[in-house]
>>> print(open('model24.cif').read())   # mmCIF, C-alpha atoms (C1' of nucleotides)
data_work
loop_
_atom_site.label_atom_id
_atom_site.label_comp_id
_atom_site.auth_asym_id
_atom_site.auth_seq_id
_atom_site.Cartn_x
_atom_site.Cartn_y
_atom_site.Cartn_z
CA MET A 27 95.43 101.96 58.78
CA PRO A 28 93.48 102.38 62.01
CA ALA A 29 89.91 101.25 62.40
CA ILE A 30 86.81 103.37 62.51
CA GLY A 31 83.59 101.60 63.17
CA PHE A 32 85.82 98.52 62.99
CA GLU A 33 86.40 99.15 59.28
CA ARG A 34 89.28 100.50 57.25
CA HIS A 35 88.90 103.80 55.54
CA ASP A 36 90.78 106.70 53.99
CA HIS A 37 92.14 108.18 57.13
CA THR A 38 93.88 111.24 55.76
CA ALA A 39 90.73 112.41 54.02
CA CYS A 40 88.73 111.63 57.11
CA ILE A 41 90.90 113.92 59.23
CA HIS A 42 90.95 116.65 56.64
CA ASP A 43 87.19 116.62 56.07
CA THR A 44 86.31 116.66 59.72
CA LEU A 45 88.73 119.48 60.48
CA ALA A 46 87.28 121.50 57.64
CA LYS A 47 83.75 120.92 58.89
CA ALA A 48 84.77 121.91 62.38
CA GLU A 49 86.41 125.10 61.12
CA ALA A 50 83.27 125.94 59.17
CA ARG A 51 81.06 125.35 62.18
CA CYS A 52 83.24 127.65 64.27
CA ALA A 53 83.06 130.39 61.64
CA GLU A 54 79.27 130.08 61.55
CA SER A 55 78.71 130.13 65.25
CA GLY A 56 81.41 132.50 66.43
CA LEU A 57 83.43 129.83 68.20
CA ARG A 58 87.19 130.24 68.22
CA MET A 59 89.26 127.41 66.82
CA THR A 60 92.59 128.25 68.40
CA PRO A 61 95.88 126.42 67.72
CA VAL A 62 95.67 124.18 70.77
CA ARG A 63 92.07 123.29 70.07
CA ARG A 64 92.72 122.54 66.43
CA ARG A 65 95.71 120.43 67.25
CA ALA A 66 93.81 118.56 69.95
CA LEU A 67 91.10 117.72 67.46
CA GLU A 68 93.69 116.62 64.91
CA ILE A 69 95.29 114.33 67.46
CA LEU A 70 91.97 112.76 68.40
CA LEU A 71 91.13 112.32 64.73
CA ALA A 72 94.52 110.84 63.92
CA GLU A 73 94.28 108.29 66.69
CA HIS A 74 90.72 107.39 65.93
CA ARG A 75 90.30 105.82 69.28
CA ALA A 76 89.48 107.05 72.75
CA LEU A 77 92.38 108.97 74.30
CA GLY A 78 92.74 109.91 77.93
CA ALA A 79 93.19 113.58 78.71
CA TYR A 80 96.75 112.87 79.77
CA ASP A 81 97.49 110.94 76.60
CA LEU A 82 96.41 113.99 74.66
CA LEU A 83 98.37 116.24 76.97
CA SER A 84 101.59 114.33 76.44
CA VAL A 85 101.32 114.78 72.68
CA LEU A 86 100.55 118.47 73.07
CA ALA A 87 103.45 118.81 75.48
CA ASP A 88 105.86 117.21 73.01
CA GLU A 89 104.85 119.87 70.54
CA GLY A 90 105.26 122.74 72.96
CA LEU A 91 101.57 123.47 73.14
CA GLY A 92 101.30 123.29 76.91
CA SER A 93 102.25 120.86 79.57
CA GLN A 94 99.76 121.24 82.40
CA PRO A 95 96.49 119.32 82.77
CA PRO A 96 94.23 122.36 82.33
CA VAL A 97 95.56 122.75 78.79
CA ALA A 98 94.22 119.38 77.79
CA TYR A 99 90.99 119.65 79.76
CA ARG A 100 90.19 123.09 78.37
CA ALA A 101 90.72 121.92 74.83
CA LEU A 102 88.61 118.83 75.45
CA ASP A 103 85.85 120.86 77.08
CA PHE A 104 85.72 123.09 74.08
CA LEU A 105 85.63 120.21 71.62
CA VAL A 106 82.97 118.35 73.58
CA LYS A 107 80.77 121.41 74.04
CA ALA A 108 81.11 122.26 70.36
CA GLY A 109 80.15 118.70 69.46
CA PHE A 110 83.51 117.97 67.81
CA ALA A 111 84.39 115.27 70.31
CA HIS A 112 82.66 113.02 72.83
CA LYS A 113 83.58 111.74 76.22
CA ILE A 114 83.43 107.97 76.69
CA GLU A 115 82.29 107.77 80.29
CA ALA A 116 83.07 104.11 80.71
CA LEU A 117 86.72 104.76 79.82
CA ASN A 118 87.21 108.29 81.13
CA ALA A 119 88.49 109.04 77.66
CA TYR A 120 87.71 111.21 74.67
CA ILE A 121 87.15 110.56 71.00
CA ALA A 122 86.64 112.75 67.95
CA CYS A 123 83.09 112.85 66.67
CA ALA A 124 82.66 110.59 63.67
CA HIS A 125 79.45 112.21 62.48
CA LEU A 126 80.28 115.85 62.64
CA GLY A 127 77.47 117.94 61.30
CA ALA A 128 74.59 115.79 62.42
CA ASP A 129 72.88 116.97 65.57
CA HIS A 130 73.00 113.67 67.25
CA ALA A 131 72.67 111.58 70.38
CA PRO A 132 75.74 109.41 69.96
CA ALA A 133 76.10 105.83 71.10
CA PHE A 134 79.31 103.84 71.25
CA LEU A 135 80.43 100.26 70.76
CA ILE A 136 83.59 99.72 72.78
CA CYS A 137 85.79 96.68 72.25
CA ARG A 138 87.21 95.51 75.57
CA ALA A 139 90.09 93.73 73.84
CA CYS A 140 91.50 96.25 71.37
CA LYS A 141 89.94 99.36 72.89
CA SER A 142 88.63 100.53 69.54
CA VAL A 143 85.42 102.52 69.63
CA ALA A 144 82.72 102.80 66.98
CA GLU A 145 80.24 105.63 67.02
CA THR A 146 76.65 105.14 66.05
CA ASP A 147 73.41 106.94 66.82
CA THR A 148 70.39 106.42 68.98
CA ALA A 149 66.97 107.87 69.24
CA ALA A 150 67.21 108.47 72.95
CA THR A 151 63.69 109.71 73.50
CA GLN A 152 62.17 106.79 71.67
CA GLY A 153 62.51 103.21 72.80
CA ARG A 154 62.35 101.97 76.35
CA LEU A 155 64.56 104.59 77.90
CA GLY A 156 62.40 107.39 76.53
CA ALA A 157 59.26 105.60 77.65
CA ALA A 158 60.63 105.13 81.15
CA ALA A 159 61.57 108.80 81.31
CA ARG A 160 58.12 109.91 80.20
CA ASP A 161 56.46 107.61 82.71
CA ALA A 162 58.61 109.06 85.48
CA GLY A 163 58.09 112.64 84.33
CA PHE A 164 61.81 112.92 83.75
CA VAL A 165 63.16 115.35 81.14
CA ILE A 166 66.21 113.98 79.32
CA GLU A 167 68.88 116.52 78.44
CA HIS A 168 71.77 114.25 77.59
CA THR A 169 72.29 110.54 77.17
CA VAL A 170 75.23 108.23 77.72
CA ILE A 171 74.82 105.07 75.68
CA GLU A 172 77.84 102.80 75.66
CA ALA A 173 77.99 99.12 74.84
CA GLN A 174 81.04 97.12 75.82
CA GLY A 175 81.94 93.84 74.21
CA LEU A 176 84.01 92.38 71.38
CA CYS A 177 84.51 93.79 67.91
CA PRO A 178 84.55 91.40 64.93
CA ALA A 179 88.35 91.23 64.73
CA CYS A 180 88.74 90.40 68.41
CA GLN A 181 86.04 87.74 68.22
CA ASP A 182 88.14 86.06 65.53
CA ASP A 183 91.26 86.31 67.66
CA ALA A 184 89.46 84.74 70.58
CA ALA A 185 88.30 81.83 68.44
CA MET B 13 62.12 109.66 103.36
CA PRO B 14 64.55 109.47 100.47
CA ALA B 15 63.46 109.08 96.90
CA ILE B 16 63.64 105.98 94.76
CA GLY B 17 62.64 106.38 91.21
CA PHE B 18 61.68 109.86 92.35
CA GLU B 19 58.92 108.40 94.52
CA ARG B 20 58.51 107.84 98.23
CA HIS B 21 58.42 104.32 99.55
CA ASP B 22 58.85 102.17 102.63
CA HIS B 23 62.55 102.48 102.98
CA THR B 24 63.16 100.18 105.92
CA ALA B 25 61.39 97.30 104.24
CA CYS B 26 63.19 98.06 101.02
CA ILE B 27 66.59 97.73 102.70
CA HIS B 28 65.60 94.62 104.56
CA ASP B 29 64.13 92.86 101.53
CA THR B 30 67.06 93.60 99.30
CA LEU B 31 69.59 92.47 101.87
CA ALA B 32 67.67 89.26 102.36
CA LYS B 33 67.60 88.62 98.62
CA ALA B 34 71.30 89.31 98.37
CA GLU B 35 72.07 86.90 101.20
CA ALA B 36 69.95 84.27 99.51
CA ARG B 37 71.71 84.75 96.21
CA CYS B 38 75.08 84.40 97.90
CA ALA B 39 74.03 81.18 99.58
CA GLU B 40 72.85 79.79 96.25
CA SER B 41 75.91 80.69 94.26
CA GLY B 42 78.65 80.20 96.80
CA LEU B 43 79.51 83.89 97.07
CA ARG B 44 80.69 85.14 100.43
CA MET B 45 78.74 87.96 102.01
CA THR B 46 81.31 89.18 104.49
CA PRO B 47 80.73 91.91 107.10
CA VAL B 48 82.32 94.68 105.04
CA ARG B 49 80.40 93.69 101.93
CA ARG B 50 77.12 93.45 103.79
CA ARG B 51 77.62 96.78 105.46
CA ALA B 52 78.62 98.40 102.16
CA LEU B 53 75.40 97.18 100.59
CA GLU B 54 73.39 98.41 103.58
CA ILE B 55 74.96 101.82 103.28
CA LEU B 56 74.21 102.06 99.58
CA LEU B 57 70.66 100.90 100.20
CA ALA B 58 70.16 103.34 103.06
CA GLU B 59 71.35 106.29 101.01
CA HIS B 60 69.35 105.28 97.98
CA ARG B 61 71.44 107.50 95.80
CA ALA B 62 74.75 107.23 94.03
CA LEU B 63 77.66 107.31 96.46
CA GLY B 64 81.30 107.81 95.56
CA ALA B 65 83.71 105.11 96.67
CA TYR B 66 85.24 107.55 99.11
CA ASP B 67 81.84 108.51 100.51
CA LEU B 68 81.26 104.86 101.23
CA LEU B 69 84.76 104.52 102.61
CA SER B 70 84.28 107.34 105.09
CA VAL B 71 81.18 105.65 106.51
CA LEU B 72 82.97 102.33 106.73
CA ALA B 73 85.95 104.02 108.37
CA ASP B 74 83.72 105.65 111.00
CA GLU B 75 82.53 102.17 111.88
CA GLY B 76 86.00 100.68 112.07
CA LEU B 77 85.52 98.52 109.00
CA GLY B 78 88.58 99.75 107.16
CA SER B 79 90.08 103.04 106.25
CA GLN B 80 92.01 102.56 103.00
CA PRO B 81 90.62 102.91 99.47
CA PRO B 82 91.00 99.25 98.54
CA VAL B 83 88.51 98.38 101.27
CA ALA B 84 85.80 100.37 99.54
CA TYR B 85 86.77 99.35 96.01
CA ARG B 86 86.91 95.67 96.87
CA ALA B 87 83.49 95.78 98.44
CA LEU B 88 82.10 97.70 95.49
CA ASP B 89 83.71 95.33 92.99
CA PHE B 90 82.10 92.41 94.73
CA LEU B 91 78.68 94.05 94.85
CA VAL B 92 78.84 95.11 91.22
CA LYS B 93 80.06 91.72 90.00
CA ALA B 94 77.36 89.99 92.02
CA GLY B 95 74.74 92.31 90.57
CA PHE B 96 73.86 93.83 93.94
CA ALA B 97 75.00 97.30 92.92
CA HIS B 98 75.70 99.27 89.78
CA LYS B 99 78.30 101.80 88.83
CA ILE B 100 76.98 105.07 87.43
CA GLU B 101 79.72 105.86 84.93
CA ALA B 102 78.63 109.44 84.36
CA LEU B 103 79.07 110.18 88.07
CA ASN B 104 81.87 107.78 88.96
CA ALA B 105 79.57 106.63 91.72
CA TYR B 106 77.80 103.52 92.88
CA ILE B 107 74.22 102.68 93.72
CA ALA B 108 72.44 99.66 95.13
CA CYS B 109 70.48 97.67 92.61
CA ALA B 110 66.80 98.46 92.82
CA HIS B 111 65.66 95.35 90.99
CA LEU B 112 67.63 92.64 92.65
CA GLY B 113 66.70 89.26 91.37
CA ALA B 114 65.92 90.21 87.83
CA ASP B 115 68.70 89.44 85.40
CA HIS B 116 68.73 92.82 83.84
CA ALA B 117 70.40 95.44 81.71
CA PRO B 118 69.87 98.46 83.90
CA ALA B 119 69.37 102.02 82.71
CA PHE B 120 69.44 105.13 84.85
CA LEU B 121 67.72 108.49 84.96
CA ILE B 122 70.03 110.94 86.71
CA CYS B 123 68.81 114.32 87.93
CA ARG B 124 71.51 116.93 87.48
CA ALA B 125 69.94 119.16 90.13
CA CYS B 126 69.29 116.88 93.10
CA LYS B 127 71.58 114.00 92.04
CA SER B 128 68.88 111.43 92.61
CA VAL B 129 69.03 108.38 90.40
CA ALA B 130 66.19 106.18 89.21
CA GLU B 131 66.83 102.71 87.89
CA THR B 132 64.86 101.27 85.05
CA ASP B 133 65.50 98.60 82.45
CA THR B 134 66.35 98.40 78.81
CA ALA B 135 66.35 95.75 76.19
CA ALA B 136 69.87 96.47 75.09
CA THR B 137 70.00 94.06 72.20
CA GLN B 138 66.77 95.33 70.76
CA GLY B 139 66.29 98.86 69.49
CA ARG B 140 68.79 100.89 67.56
CA LEU B 141 71.83 100.07 69.64
CA GLY B 142 71.31 96.36 69.17
CA ALA B 143 70.73 96.84 65.47
CA ALA B 144 73.90 98.88 65.11
CA ALA B 145 75.86 96.22 66.97
CA ARG B 146 74.51 93.44 64.78
CA ASP B 147 75.29 95.42 61.64
CA ALA B 148 78.84 95.95 62.82
CA GLY B 149 79.27 92.34 63.92
CA PHE B 150 79.82 93.55 67.47
CA VAL B 151 78.96 91.31 70.41
CA ILE B 152 77.54 93.26 73.34
CA GLU B 153 78.55 92.00 76.78
CA HIS B 154 77.57 94.95 78.94
CA THR B 155 75.70 98.19 78.42
CA VAL B 156 75.92 101.61 80.03
CA ILE B 157 72.66 103.47 79.53
CA GLU B 158 72.41 106.71 81.48
CA ALA B 159 70.13 109.67 80.83
CA GLN B 160 70.90 112.97 82.49
CA GLY B 161 68.28 115.64 82.96
CA LEU B 162 65.74 116.91 85.46
CA CYS B 163 63.48 114.88 87.70
CA PRO B 164 59.88 115.98 88.22
CA ALA B 165 60.57 117.73 91.53
CA CYS B 166 63.49 119.73 90.16
CA GLN B 167 61.49 120.76 87.12
CA ASP B 168 58.95 122.27 89.50
CA ASP B 169 61.67 124.05 91.43
CA ALA B 170 63.07 125.50 88.23
CA ALA B 171 59.65 126.82 87.20
"C1'" DG C 28 98.49 69.78 111.18
"C1'" DC C 29 98.81 71.53 106.53
"C1'" DG C 30 98.06 73.29 102.04
"C1'" DT C 31 94.93 76.05 99.33
"C1'" DG C 32 92.34 79.93 98.00
"C1'" DG C 33 89.65 83.78 99.06
"C1'" DA C 34 89.49 87.84 101.85
"C1'" DT C 35 91.65 91.55 104.30
"C1'" DG C 36 95.40 94.89 105.99
"C1'" DT C 37 98.62 98.25 104.53
"C1'" DT C 38 101.52 101.22 101.92
"C1'" DA C 39 102.23 103.58 98.04
"C1'" DT C 40 101.16 105.51 93.75
"C1'" DA C 41 98.70 105.95 89.33
"C1'" DA C 42 95.16 108.16 86.77
"C1'" DC C 43 91.66 111.59 86.16
"C1'" DA C 44 89.98 116.31 86.99
"C1'" DT C 45 89.33 121.11 88.77
"C1'" DA C 46 90.00 125.65 91.51
"C1'" DT C 47 92.21 129.85 91.37
"C1'" DC C 48 94.40 133.84 89.91
"C1'" DA C 49 97.44 136.41 86.92
"C1'" DA C 50 98.64 137.55 82.23
"C1'" DT C 51 97.56 138.03 77.49
"C1'" DA C 52 95.07 138.26 73.10
"C1'" DC C 53 91.13 139.57 70.60
"C1'" DA C 54 86.81 141.76 68.89
"C1'" DC C 55 84.28 145.66 68.83
"C1'" DG C 56 82.35 150.16 69.57
"C1'" DA C 57 83.62 155.07 70.74
"C1'" DT D 8 93.40 154.02 67.48
"C1'" DC D 9 92.19 153.53 71.77
"C1'" DG D 10 89.95 151.76 75.50
"C1'" DT D 11 87.06 148.18 77.32
"C1'" DG D 12 85.08 143.85 78.09
"C1'" DT D 13 85.42 139.04 77.24
"C1'" DA D 14 87.63 134.82 75.98
"C1'" DT D 15 91.74 132.42 76.20
"C1'" DT D 16 96.05 130.99 78.01
"C1'" DG D 17 99.79 130.32 81.63
"C1'" DA D 18 100.92 128.52 85.90
"C1'" DT D 19 100.54 126.53 90.51
"C1'" DA D 20 98.34 123.84 93.49
"C1'" DT D 21 95.16 120.63 94.87
"C1'" DG D 22 91.18 117.53 94.82
"C1'" DT D 23 89.10 113.12 93.42
"C1'" DT D 24 88.92 108.48 91.72
"C1'" DA D 25 91.20 104.05 91.27
"C1'" DT D 26 94.75 100.37 91.37
"C1'" DA D 27 99.35 97.90 92.12
"C1'" DA D 28 101.80 95.19 95.08
"C1'" DC D 29 102.69 92.40 98.82
"C1'" DA D 30 101.98 90.65 103.48
"C1'" DT D 31 98.76 88.39 106.51
"C1'" DC D 32 94.80 86.08 108.05
"C1'" DC D 33 91.35 82.62 108.14
"C1'" DA D 34 88.01 78.91 106.79
"C1'" DC D 35 87.91 74.61 104.80
"C1'" DG D 36 89.06 70.06 103.09
"C1'" DC D 37 92.38 66.62 103.43
#
>>> encode(input="model24.cif", output="structure tokens")
Amino acid sequence: MPAIGFERHDHTACIHDTLAKAEARCAESGLRMTPVRRRALEILLAEHRALGAYDLLSVLADEGLGSQPPVAYRALDFLVKAGFAHKIEALNAYIACAHLGADHAPAFLICRACKSVAETDTAATQGRLGAAARDAGFVIEHTVIEAQGLCPACQDDAA
Amino acid sequence: MPAIGFERHDHTACIHDTLAKAEARCAESGLRMTPVRRRALEILLAEHRALGAYDLLSVLADEGLGSQPPVAYRALDFLVKAGFAHKIEALNAYIACAHLGADHAPAFLICRACKSVAETDTAATQGRLGAAARDAGFVIEHTVIEAQGLCPACQDDAA
DNA sequence: GCGTGGATGTTATAACATATCAATACACGA
DNA sequence: TCGTGTATTGATATGTTATAACATCCACGC
């Protein structure tokens, strides 16, 4: 079973629940969860790690859902804008949101050895970053908070 | 005069001081500040904003210091590893370190309108990110902390 | 001189992302 | 149900960012 937050969990239920939440959110807000978009989200959820746009594309292509880069990027744009997925800037890769429903400023812990990614939350406007922004008169609209290092399993392997 | 931290300053002295500090650090630690590396740092300092690798490369090429991508990427790798420059992951661009000397975990305020970038500091292992990492048993080696939004000047323009 | 290791020169290609325009589907009011 | 406007998809091309691989050079210590 793959890791989420570096811990095992019921993956099938996890996928199912998140998809259902995403469908519900779309119904509420008039967004359109089309076949490609749904499948893209399923793929990200199933992998439970950060996937490159072209990794996603190759899966979609195998399934006949489109073979050109814009297919993947459009689906990813939709998912990111809707809050169903996040871009990991440090990896140029994308991951399904692990906290769907919460209006959140996500933060990520990225293992450099096994490439697994855990999602957590920050209070971006509090803490030192928020203070620095206020001092500078800067208005924060979006934050990228990514920590790279070693997850527990890979620390053990190294030892 | 360009902006640093969204404020005016004595740019010539700023370049000169930082270069001198970088040279000193190289002498101390046995790093080699070669002509291409020095010039790359000068260019980043002179621009005082985030430059793409190919932006840097085109300046270097004009000066006969190399015309192929690896020239720029090697210089940038050196500067980043030495702590003389930082990569802005959200922009895939590079900027000279504004706090050379301090052993720091930098954070950036990035204006989406004018693309200026201010460097500040964080205490990565404190705050919520550090707490989340400790809870997860994750060892942080490097942090990417980038806030995107509007700088004071661009807020005024928008109004 | 000679070996060693870092730095550079050079070619090629991998990996990531977007512009553009035509075609199609879909929701919604007349 | 029929248009009409908008969102989505299809398709082609291209732009942008980054690295692999290998040859060569050069400073330095022996």
>>> resolve_selection(input="model24.cif", expression="the PyMOL selection byres ((chain B) within 10 of (chain D))", output="VMD selection string")
chain B and resid 64 to 66 81 to 82 85 104 to 105
>>> closest_residue(input="model24.cif", among="A:Cys137, A:Ala39, A:Thr60, A:Ala128", to="DC53 in chain C", atoms="all atoms listed in the file")
A:Thr60
>>> interface_residues(input="model24.cif", of="chain C", to="chain A", cutoff="12 Å", atoms="only C-alpha atoms (C1' of nucleotides)", output="VMD selection string")
chain C and resid 41 to 47 52 to 54
>>> closest_atom_pairs(input="model24.cif", of="chain A", to="chain B", cutoff="8 Å", atoms="only C-alpha atoms", output="JSON lines")
{"residue": "A:Gly31", "atom": "CA", "partner": "B:Ala148", "partner_atom": "CA", "distance": 7.4}
{"residue": "A:Phe32", "atom": "CA", "partner": "B:Ala148", "partner_atom": "CA", "distance": 7.4}
{"residue": "A:Glu115", "atom": "CA", "partner": "B:Glu101", "partner_atom": "CA", "distance": 5.6}
{"residue": "A:Ala116", "atom": "CA", "partner": "B:Glu101", "partner_atom": "CA", "distance": 5.7}
{"residue": "A:Ala133", "atom": "CA", "partner": "B:Leu141", "partner_atom": "CA", "distance": 7.3}
{"residue": "A:Leu135", "atom": "CA", "partner": "B:Ala145", "partner_atom": "CA", "distance": 7.2}
{"residue": "A:Thr146", "atom": "CA", "partner": "B:Ala144", "partner_atom": "CA", "distance": 6.9}
{"residue": "A:Asp147", "atom": "CA", "partner": "B:Leu141", "partner_atom": "CA", "distance": 7.6}
{"residue": "A:Thr148", "atom": "CA", "partner": "B:Arg140", "partner_atom": "CA", "distance": 5.9}
{"residue": "A:Ala149", "atom": "CA", "partner": "B:Arg140", "partner_atom": "CA", "distance": 7.4}
{"residue": "A:Gly153", "atom": "CA", "partner": "B:Gly139", "partner_atom": "CA", "distance": 6.6}
{"residue": "A:Arg154", "atom": "CA", "partner": "B:Thr134", "partner_atom": "CA", "distance": 5.9}
{"residue": "A:Leu155", "atom": "CA", "partner": "B:Thr134", "partner_atom": "CA", "distance": 6.5}
{"residue": "A:Ala158", "atom": "CA", "partner": "B:Thr132", "partner_atom": "CA", "distance": 6.9}
{"residue": "A:Ala159", "atom": "CA", "partner": "B:Leu121", "partner_atom": "CA", "distance": 7.2}
{"residue": "A:Ala162", "atom": "CA", "partner": "B:Gly17", "partner_atom": "CA", "distance": 7.5}
{"residue": "A:Gly163", "atom": "CA", "partner": "B:Pro164", "partner_atom": "CA", "distance": 5.4}
{"residue": "A:Phe164", "atom": "CA", "partner": "B:Cys163", "partner_atom": "CA", "distance": 4.7}
{"residue": "A:Val165", "atom": "CA", "partner": "B:Leu162", "partner_atom": "CA", "distance": 5.3}
{"residue": "A:Ile166", "atom": "CA", "partner": "B:Gly161", "partner_atom": "CA", "distance": 4.5}
{"residue": "A:Glu167", "atom": "CA", "partner": "B:Gly161", "partner_atom": "CA", "distance": 4.6}
{"residue": "A:His168", "atom": "CA", "partner": "B:Gln160", "partner_atom": "CA", "distance": 5.1}
{"residue": "A:Thr169", "atom": "CA", "partner": "B:Ala159", "partner_atom": "CA", "distance": 4.3}
{"residue": "A:Val170", "atom": "CA", "partner": "B:Glu158", "partner_atom": "CA", "distance": 4.9}
{"residue": "A:Ile171", "atom": "CA", "partner": "B:Ile157", "partner_atom": "CA", "distance": 4.7}
{"residue": "A:Glu172", "atom": "CA", "partner": "B:Val156", "partner_atom": "CA", "distance": 4.9}
{"residue": "A:Ala173", "atom": "CA", "partner": "B:Thr155", "partner_atom": "CA", "distance": 4.4}
{"residue": "A:Gln174", "atom": "CA", "partner": "B:His154", "partner_atom": "CA", "distance": 5.1}
{"residue": "A:Gly175", "atom": "CA", "partner": "B:Ile152", "partner_atom": "CA", "distance": 4.5}
{"residue": "A:Leu176", "atom": "CA", "partner": "B:Val151", "partner_atom": "CA", "distance": 5.3}
{"residue": "A:Cys177", "atom": "CA", "partner": "B:Phe150", "partner_atom": "CA", "distance": 4.7}
{"residue": "A:Pro178", "atom": "CA", "partner": "B:Gly149", "partner_atom": "CA", "distance": 5.5}
>>> atom_distance(input="model24.cif", atom1="CA of Arg37 in chain B", atom2="CA of Asp67 in chain B")
26.2 Å
>>> residues_around(input="model24.cif", residues="Pro47 in chain B", least_positions_apart="6", cutoff="12 Å", atoms="only C-alpha atoms (C1' of nucleotides)", output="PyMOL selection string")
(chain B and resi 35+53-54+72+75-78+83+87) or (chain C and resi 34-35)
>>> write_last_selection(input="model24.cif", atoms="C-alpha atoms (C1' of nucleotides)", output="compact mmCIF listing (two decimals), in the frame of the given file")
# COMPACT_ATOMS: atom_id res chain seq x y z
CA GLU B 35 72.07 86.90 101.20
CA LEU B 53 75.40 97.18 100.59
CA GLU B 54 73.39 98.41 103.58
CA LEU B 72 82.97 102.33 106.73
CA GLU B 75 82.53 102.17 111.88
CA GLY B 76 86.00 100.68 112.07
CA LEU B 77 85.52 98.52 109.00
CA GLY B 78 88.58 99.75 107.16
CA VAL B 83 88.51 98.38 101.27
CA ALA B 87 83.49 95.78 98.44
C1' DA C 34 89.49 87.84 101.85
C1' DT C 35 91.65 91.55 104.30
>>> atom_distance(input="model24.cif", atom1="CA of Ala50 in chain A", atom2="CA of Ser84 in chain A")
27.7 Å
>>> residues_around(input="model24.cif", residues="Ala52 in chain B", least_positions_apart="2", cutoff="9 Å", atoms="all atoms listed in the file", output="list in words")
Pro47, Val48, Arg49, Arg50, Glu54, Ile55, Leu56, Leu57, Leu68, Leu69, Val71, Leu72, Ala84, Ala87, Leu88 and Leu91 of chain B
>>> atom_distance(input="model24.cif", atom1="CA of Leu63 in chain B", atom2="CA of Tyr106 in chain B")
5.2 Å
>>> closest_residue(input="model24.cif", among="A:Cys40, A:Ala108, A:Cys123, A:Ala46", to="Ala76 in chain A", atoms="all atoms listed in the file")
A:Cys123
>>> resolve_selection(input="model24.cif", expression="the PyMOL selection byres ((chain B and resi 24) around 12)", output="JSON, numbers by chain")
{"B": [13, 14, 20, 21, 22, 23, 25, 26, 27, 28, 29, 30, 31, 54, 57, 58, 59, 60]}
>>> decode(input="model24.cif", residues="range 140-157 of chain B", atoms="C-alpha atoms", output="PDB file, in the first residue's frame")
ATOM      1  CA  ARG B 140       3.848  25.043  12.069  1.00  0.00           C
ATOM      2  CA  LEU B 141       5.988  23.561   9.342  1.00  0.00           C
ATOM      3  CA  GLY B 142       8.639  22.510  11.816  1.00  0.00           C
ATOM      4  CA  ALA B 143       6.010  21.099  14.129  1.00  0.00           C
ATOM      5  CA  ALA B 144       4.427  19.108  11.322  1.00  0.00           C
ATOM      6  CA  ALA B 145       7.823  17.746  10.332  1.00  0.00           C
ATOM      7  CA  ARG B 146       8.631  16.694  13.885  1.00  0.00           C
ATOM      8  CA  ASP B 147       5.253  15.025  14.251  1.00  0.00           C
ATOM      9  CA  ALA B 148       5.827  13.097  11.060  1.00  0.00           C
ATOM     10  CA  GLY B 149       9.402  12.189  11.962  1.00  0.00           C
ATOM     11  CA  PHE B 150      10.585  14.090   8.904  1.00  0.00           C
ATOM     12  CA  VAL B 151      14.063  15.633   8.834  1.00  0.00           C
ATOM     13  CA  ILE B 152      14.120  18.957   7.006  1.00  0.00           C
ATOM     14  CA  GLU B 153      17.251  19.641   4.966  1.00  0.00           C
ATOM     15  CA  HIS B 154      16.094  22.531   2.824  1.00  0.00           C
ATOM     16  CA  THR B 155      13.035  24.738   2.663  1.00  0.00           C
ATOM     17  CA  VAL B 156      11.276  26.551  -0.153  1.00  0.00           C
ATOM     18  CA  ILE B 157       9.213  29.410   1.245  1.00  0.00           C
TER      19      ILE B 157
END
